[in-house]
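Participant: What follows is my_file-v1.cif, mmCIF, C-alpha atoms.
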```cif
data_entry
loop_
_atom_site.group_PDB
_atom_site.id
_atom_site.type_symbol
_atom_site.label_atom_id
_atom_site.label_comp_id
_atom_site.auth_asym_id
_atom_site.auth_seq_id
_atom_site.Cartn_x
_atom_site.Cartn_y
_atom_site.Cartn_z
ATOM 1 C CA MET A 110 46.431 47.213 -53.961
ATOM 2 C CA HIS A 111 47.683 48.466 -50.636
ATOM 3 C CA TYR A 112 44.226 49.493 -49.418
ATOM 4 C CA GLY A 113 42.649 46.226 -50.635
ATOM 5 C CA THR A 114 45.151 44.200 -48.672
ATOM 6 C CA ALA A 115 44.541 46.238 -45.543
ATOM 7 C CA GLY A 116 40.782 45.761 -45.866
ATOM 8 C CA ALA A 117 41.158 42.009 -46.169
ATOM 9 C CA GLY A 118 43.370 41.975 -43.114
ATOM 10 C CA THR A 119 40.793 43.938 -41.190
ATOM 11 C CA ARG A 120 38.050 41.429 -42.107
ATOM 12 C CA VAL A 121 40.205 38.507 -40.936
ATOM 13 C CA ALA A 122 40.834 40.209 -37.612
ATOM 14 C CA ARG A 123 37.091 40.756 -37.089
ATOM 15 C CA ARG A 124 36.233 37.067 -37.704
ATOM 16 C CA SER A 125 38.803 35.740 -35.216
ATOM 17 C CA PRO A 126 36.821 36.631 -31.982
ATOM 18 C CA THR A 127 33.740 34.919 -33.442
ATOM 19 C CA ARG A 128 35.634 31.674 -33.891
ATOM 20 C CA ALA A 129 36.912 31.912 -30.308
ATOM 21 C CA ARG A 130 33.381 32.387 -28.939
ATOM 22 C CA LYS A 131 32.138 29.401 -30.922
ATOM 23 C CA ALA A 132 34.967 27.263 -29.550
ATOM 24 C CA ARG A 133 34.128 28.280 -25.977
ATOM 25 C CA VAL A 134 30.433 27.525 -26.479
ATOM 26 C CA SER A 135 31.269 24.095 -27.898
ATOM 27 C CA ALA A 136 33.494 23.372 -24.893
ATOM 28 C CA PHE A 137 30.756 24.389 -22.440
ATOM 29 C CA VAL A 138 28.224 22.194 -24.258
ATOM 30 C CA ALA A 139 30.594 19.231 -24.110
ATOM 31 C CA LEU A 140 31.216 19.743 -20.381
ATOM 32 C CA GLY A 141 27.485 20.006 -19.715
ATOM 33 C CA ALA A 142 26.793 16.762 -21.551
ATOM 34 C CA ALA A 143 29.545 14.991 -19.606
ATOM 35 C CA ALA A 144 28.079 16.232 -16.312
ATOM 36 C CA VAL A 145 24.584 14.995 -17.232
ATOM 37 C CA ILE A 146 25.951 11.542 -18.093
ATOM 38 C CA ALA A 147 27.910 11.370 -14.821
ATOM 39 C CA LEU A 148 24.852 12.337 -12.755
ATOM 40 C CA ALA A 149 22.722 9.754 -14.539
ATOM 41 C CA ALA A 150 25.317 7.084 -13.823
ATOM 42 C CA CYS A 151 25.449 8.019 -10.106
ATOM 43 C CA GLY A 152 21.673 8.019 -9.873
ATOM 44 C CA GLY A 153 21.438 4.592 -11.490
ATOM 45 C CA SER A 154 24.050 3.191 -9.118
ATOM 46 C CA SER A 155 22.249 4.654 -6.088
ATOM 47 C CA ASN A 156 18.900 3.267 -7.204
ATOM 48 C CA SER A 157 20.457 -0.153 -7.820
ATOM 49 C CA SER A 158 22.060 -0.182 -4.341
ATOM 50 C CA SER A 159 18.796 0.884 -2.724
ATOM 51 C CA SER A 160 16.911 -1.840 -4.588
ATOM 52 C CA LYS A 161 19.414 -4.492 -3.511
ATOM 53 C CA SER A 162 19.224 -3.340 0.114
ATOM 54 C CA THR A 163 15.422 -3.437 0.104
ATOM 55 C CA THR A 164 15.419 -6.918 -1.439
ATOM 56 C CA THR A 165 17.879 -8.193 1.170
ATOM 57 C CA LYS A 166 15.809 -6.799 4.036
ATOM 58 C CA LYS A 167 12.625 -8.335 2.637
ATOM 59 C CA SER A 168 14.301 -11.725 2.180
ATOM 60 C CA THR A 169 15.673 -11.679 5.725
ATOM 61 C CA GLY A 170 12.329 -10.696 7.188
ATOM 62 C CA THR A 171 10.494 -13.379 5.217
ATOM 63 C CA ALA A 172 12.919 -16.070 6.326
ATOM 64 C CA ALA A 173 12.592 -15.059 9.958
ATOM 65 C CA ALA A 174 8.799 -15.034 9.794
ATOM 66 C CA ALA A 175 8.615 -18.345 7.958
ATOM 67 C CA GLY A 176 10.180 -20.518 10.625
ATOM 68 C CA ALA A 177 12.771 -21.021 13.339
ATOM 69 C CA ALA A 178 14.305 -24.149 14.877
ATOM 70 C CA VAL A 179 12.743 -23.966 18.340
ATOM 71 C CA VAL A 180 13.658 -27.525 19.379
ATOM 72 C CA LYS A 181 16.590 -29.825 18.697
ATOM 73 C CA THR A 182 18.092 -33.069 19.952
ATOM 74 C CA ALA A 183 20.649 -33.545 22.730
ATOM 75 C CA ASN A 184 22.281 -36.491 24.477
ATOM 76 C CA SER A 185 21.309 -37.385 28.045
ATOM 77 C CA SER A 186 23.501 -39.757 30.051
ATOM 78 C CA THR A 187 20.401 -41.344 31.607
ATOM 79 C CA LEU A 188 17.709 -41.103 28.911
ATOM 80 C CA GLY A 189 19.617 -41.203 25.625
ATOM 81 C CA THR A 190 18.691 -38.789 22.842
ATOM 82 C CA ILE A 191 16.214 -36.233 24.120
ATOM 83 C CA VAL A 192 14.560 -33.084 22.806
ATOM 84 C CA VAL A 193 15.582 -29.664 24.131
ATOM 85 C CA ASP A 194 14.552 -26.102 23.291
ATOM 86 C CA SER A 195 16.751 -23.557 21.504
ATOM 87 C CA THR A 196 18.521 -22.699 24.788
ATOM 88 C CA GLY A 197 19.249 -26.339 25.622
ATOM 89 C CA LYS A 198 16.545 -26.815 28.275
ATOM 90 C CA THR A 199 14.893 -30.241 28.312
ATOM 91 C CA VAL A 200 11.393 -30.459 26.854
ATOM 92 C CA TYR A 201 8.514 -32.275 28.607
ATOM 93 C CA THR A 202 4.909 -33.300 28.072
ATOM 94 C CA LEU A 203 2.205 -33.742 30.726
ATOM 95 C CA THR A 204 0.137 -36.927 30.444
ATOM 96 C CA ASN A 205 -2.479 -38.828 32.418
ATOM 97 C CA GLY A 206 -2.358 -42.407 31.242
ATOM 98 C CA SER A 207 -2.196 -42.144 27.464
ATOM 99 C CA GLN A 208 -3.829 -38.718 27.281
ATOM 100 C CA GLN A 209 -2.181 -35.307 27.135
ATOM 101 C CA VAL A 210 -3.106 -32.883 29.920
ATOM 102 C CA PRO A 211 -2.939 -29.130 29.181
ATOM 103 C CA CYS A 212 -0.862 -26.928 31.467
ATOM 104 C CA SER A 213 -2.275 -23.495 32.275
ATOM 105 C CA GLY A 214 -2.420 -20.870 35.031
ATOM 106 C CA ALA A 215 -0.145 -21.692 37.985
ATOM 107 C CA CYS A 216 1.171 -24.708 36.094
ATOM 108 C CA LEU A 217 2.941 -22.433 33.618
ATOM 109 C CA GLN A 218 4.841 -20.747 36.431
ATOM 110 C CA VAL A 219 6.573 -24.044 37.178
ATOM 111 C CA TRP A 220 6.484 -25.540 33.700
ATOM 112 C CA PRO A 221 6.895 -22.699 31.144
ATOM 113 C CA ALA A 222 5.536 -23.443 27.689
ATOM 114 C CA VAL A 223 7.954 -23.698 24.774
ATOM 115 C CA SER A 224 6.846 -20.758 22.616
ATOM 116 C CA LEU A 225 7.594 -19.358 19.184
ATOM 117 C CA PRO A 226 10.069 -16.447 19.089
ATOM 118 C CA ALA A 227 8.511 -13.039 18.483
ATOM 119 C CA GLY A 228 7.783 -12.446 14.799
ATOM 120 C CA THR A 229 7.896 -16.157 13.929
ATOM 121 C CA THR A 230 4.854 -17.879 12.472
ATOM 122 C CA LYS A 231 6.084 -21.433 11.992
ATOM 123 C CA ALA A 232 7.900 -23.856 14.291
ATOM 124 C CA THR A 233 10.582 -26.232 13.056
ATOM 125 C CA GLY A 234 12.996 -28.625 14.723
ATOM 126 C CA THR A 235 16.589 -29.610 14.103
ATOM 127 C CA GLY A 236 16.641 -33.398 14.026
ATOM 128 C CA VAL A 237 13.057 -33.528 15.313
ATOM 129 C CA SER A 238 10.007 -34.174 13.147
ATOM 130 C CA ASN A 239 6.325 -33.280 13.562
ATOM 131 C CA VAL A 240 7.089 -29.925 15.164
ATOM 132 C CA ALA A 241 4.273 -27.386 14.841
ATOM 133 C CA ALA A 242 2.532 -24.650 16.792
ATOM 134 C CA MET A 243 -0.913 -23.921 18.188
ATOM 135 C CA GLY A 244 -0.865 -20.147 18.242
ATOM 136 C CA THR A 245 2.487 -19.417 19.885
ATOM 137 C CA GLN A 246 2.619 -22.758 21.781
ATOM 138 C CA VAL A 247 5.068 -25.243 20.256
ATOM 139 C CA THR A 248 3.845 -28.820 19.841
ATOM 140 C CA ILE A 249 5.530 -32.108 18.975
ATOM 141 C CA ASN A 250 3.323 -34.832 17.507
ATOM 142 C CA GLY A 251 0.426 -32.528 18.336
ATOM 143 C CA ALA A 252 1.253 -32.426 22.060
ATOM 144 C CA PRO A 253 2.088 -29.109 23.795
ATOM 145 C CA VAL A 254 5.612 -29.108 25.196
ATOM 146 C CA TYR A 255 7.104 -27.364 28.221
ATOM 147 C CA THR A 256 10.365 -26.851 30.102
ATOM 148 C CA PHE A 257 10.871 -27.273 33.857
ATOM 149 C CA SER A 258 11.880 -24.422 36.170
ATOM 150 C CA GLY A 259 13.757 -26.961 38.297
ATOM 151 C CA ASP A 260 16.213 -27.702 35.492
ATOM 152 C CA THR A 261 19.037 -25.313 36.269
ATOM 153 C CA ALA A 262 21.415 -26.471 33.540
ATOM 154 C CA ALA A 263 21.097 -27.329 29.868
ATOM 155 C CA GLY A 264 20.215 -31.003 29.428
ATOM 156 C CA SER A 265 19.046 -31.499 33.034
ATOM 157 C CA THR A 266 16.108 -33.905 33.375
ATOM 158 C CA ASN A 267 14.988 -33.208 36.951
ATOM 159 C CA GLY A 268 11.351 -33.051 35.892
ATOM 160 C CA GLU A 269 11.185 -36.621 34.614
ATOM 161 C CA GLY A 270 8.487 -38.657 36.396
ATOM 162 C CA ILE A 271 7.103 -35.811 38.533
ATOM 163 C CA THR A 272 3.365 -36.138 39.118
ATOM 164 C CA SER A 273 1.620 -32.769 39.331
ATOM 165 C CA PHE A 274 -1.066 -30.624 37.738
ATOM 166 C CA GLY A 275 -3.265 -33.595 36.874
ATOM 167 C CA GLY A 276 -0.687 -35.855 35.258
ATOM 168 C CA THR A 277 2.884 -37.085 35.054
ATOM 169 C CA TRP A 278 5.690 -35.198 33.357
ATOM 170 C CA HIS A 279 7.934 -37.015 30.926
ATOM 171 C CA VAL A 280 10.976 -35.941 28.940
ATOM 172 C CA VAL A 281 10.373 -35.917 25.186
ATOM 173 C CA LYS A 282 12.792 -38.377 23.612
ATOM 174 C CA ALA A 283 13.910 -38.586 19.996
ATOM 175 C CA GLY A 284 14.122 -42.043 18.537
ATOM 176 C CA GLY A 285 13.255 -43.931 15.385
ATOM 177 C CA SER A 286 13.633 -42.752 11.827
ATOM 178 C CA SER A 287 10.917 -40.583 10.319
ATOM 179 C CA GLY A 288 9.961 -39.816 6.728
ATOM 180 C CA GLY A 289 11.295 -36.259 7.092
ATOM 181 C CA GLY A 290 14.796 -37.442 7.885
ATOM 182 C CA GLY A 291 14.553 -36.368 11.525
ATOM 183 C CA SER A 292 13.563 -38.289 14.630
ATOM 184 C CA THR A 293 10.081 -39.220 15.789
ATOM 185 C CA ALA A 294 9.608 -37.757 19.251
ATOM 186 C CA THR A 295 8.127 -39.845 22.070
ATOM 187 C CA THR A 296 7.913 -39.379 25.823
ATOM 188 C CA ALA A 297 10.304 -41.155 28.168
ATOM 189 C CA GLY A 298 7.402 -43.498 28.915
ATOM 190 C CA GLY A 299 7.167 -44.421 25.234
ATOM 191 C CA SER A 300 3.857 -42.702 24.409
ATOM 192 C CA THR A 301 3.228 -40.744 21.228
ATOM 193 C CA SER A 302 -0.420 -39.971 21.976
ATOM 194 C CA THR A 303 -1.740 -36.561 20.990
ATOM 195 C CA THR A 304 -5.153 -36.788 22.697
ATOM 196 C CA VAL A 305 -5.679 -33.834 25.039
ATOM 197 C CA LYS A 306 -7.582 -34.254 28.281
ATOM 198 C CA SER A 307 -8.907 -31.298 30.274
ATOM 199 C CA GLY A 308 -6.303 -30.545 32.909
ATOM 200 C CA GLY A 309 -6.100 -30.866 36.654
ATOM 201 C CA SER A 310 -4.244 -28.732 39.120
ATOM 202 C CA GLY A 311 -1.765 -28.885 41.957
ATOM 203 C CA TYR A 312 1.957 -29.417 42.199
#
```
What do you get writing this file as structure tokens?
Facilitator:
Amino acid sequence: MHYGTAGAGTRVARRSPTRARKARVSAFVALGAAAVIALAACGGSSNSSSSKSTTTKKSTGTAAAAGAAVVKTANSSTLGTIVVDSTGKTVYTLTNGSQQVPCSGACLQVWPAVSLPAGTTKATGTGVSNVAAMGTQVTINGAPVYTFSGDTAAGSTNGEGITSFGGTWHVVKAGGSSGGGGSTATTAGGSTSTTVKSGGSGY
């Protein structure tokens, strides 16, 4: 009986290290699984953030390319509600009688064209209807519009009535309700003609 008991005790002692190894292996497996889950969660979060960032950039770029308010209305003490560009400079058209006269060459040095901002493909107006573009040149009611180098302050109208470059310059005024909820632009002389006549020269 004594030897049998000792043998049984010996067998118990030999199985104990095996159980310990199995416990350690199980612990390592559990830790490994937890690490894999954590990495997957981090990766998913990173991919989601990257996707959101890309979407935001695309949306911003699309909005910028789609259109920008390049003209708006302003109050003039002498002419009433007029149209100005995004910097506040008064906007003009060049006409000869009832016909629009294009401004080019030396004319543009004195009367810079109102142009679309870089990267913009469509012109819009705040409070002004029928704003469009021919290439990068902004038009109102189909007529090219310009600013005057002699206007040194926002809202100045020093170019009104000047005769040069084959026609007479008039401030574009905003008046009358339009279907788009804005204002229908006219010149200070009251014309809304969009016929273009080949231009003259001289200042």
Participant: Report, in Å to a single decimal, how far apart atom CA of A:Gly206 and atom CA of A:Val223 are.
Facilitator: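 So the answer is 22.3 Å.
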Participant: Closest to A:Lys181 among A:Gly236, A:Pro226, A:Gly264, A:Pro221, using all atoms listed in the file?
Facilitator: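 For A:Lys181, the nearest of the candidates is A:Gly236.
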Participant: Name every residue that the PyMOL selection byres ((chain A and resi 246) around 12) selects in this structure, writing the answer as an mmCIF file with C-alpha atoms, in the coordinates of the input with chains first and numbers rising.
Facilitator:
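Dumped to result11.cif:
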```cif
data_model
loop_
_atom_site.group_PDB
_atom_site.id
_atom_site.type_symbol
_atom_site.label_atom_id
_atom_site.label_comp_id
_atom_site.auth_asym_id
_atom_site.auth_seq_id
_atom_site.Cartn_x
_atom_site.Cartn_y
_atom_site.Cartn_z
ATOM 1 C CA VAL A 179 12.743 -23.966 18.340
ATOM 2 C CA PRO A 211 -2.939 -29.130 29.181
ATOM 3 C CA CYS A 212 -0.862 -26.928 31.467
ATOM 4 C CA SER A 213 -2.275 -23.495 32.275
ATOM 5 C CA LEU A 217 2.941 -22.433 33.618
ATOM 6 C CA PRO A 221 6.895 -22.699 31.144
ATOM 7 C CA ALA A 222 5.536 -23.443 27.689
ATOM 8 C CA VAL A 223 7.954 -23.698 24.774
ATOM 9 C CA SER A 224 6.846 -20.758 22.616
ATOM 10 C CA LEU A 225 7.594 -19.358 19.184
ATOM 11 C CA PRO A 226 10.069 -16.447 19.089
ATOM 12 C CA ALA A 227 8.511 -13.039 18.483
ATOM 13 C CA THR A 229 7.896 -16.157 13.929
ATOM 14 C CA THR A 230 4.854 -17.879 12.472
ATOM 15 C CA LYS A 231 6.084 -21.433 11.992
ATOM 16 C CA ALA A 232 7.900 -23.856 14.291
ATOM 17 C CA VAL A 240 7.089 -29.925 15.164
ATOM 18 C CA ALA A 241 4.273 -27.386 14.841
ATOM 19 C CA ALA A 242 2.532 -24.650 16.792
ATOM 20 C CA MET A 243 -0.913 -23.921 18.188
ATOM 21 C CA GLY A 244 -0.865 -20.147 18.242
ATOM 22 C CA THR A 245 2.487 -19.417 19.885
ATOM 23 C CA VAL A 247 5.068 -25.243 20.256
ATOM 24 C CA THR A 248 3.845 -28.820 19.841
ATOM 25 C CA ILE A 249 5.530 -32.108 18.975
ATOM 26 C CA GLY A 251 0.426 -32.528 18.336
ATOM 27 C CA ALA A 252 1.253 -32.426 22.060
ATOM 28 C CA PRO A 253 2.088 -29.109 23.795
ATOM 29 C CA VAL A 254 5.612 -29.108 25.196
ATOM 30 C CA TYR A 255 7.104 -27.364 28.221
#
```
Participant: Using all atoms listed in the file, find the one residue out of A:Ser258, A:Ser207, A:Thr266, A:Gln218 that sits nearest to A:Val192.
Facilitator: A:Thr266
Participant: For A:His279, which of A:Asn239, A:Thr182, A:Gly228, A:Phe257 is the closest residue, counting all atoms listed in the file?
Facilitator: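 When distances to A:His279 are compared using all atoms listed in the file, the smallest one comes from A:Phe257.
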Participant: Tell me, in Å to one decimal, how far atom CA of A:Val281 is from atom CA of A:Tyr201.
Facilitator: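 That distance, rounded to one decimal, is 5.3 Å.
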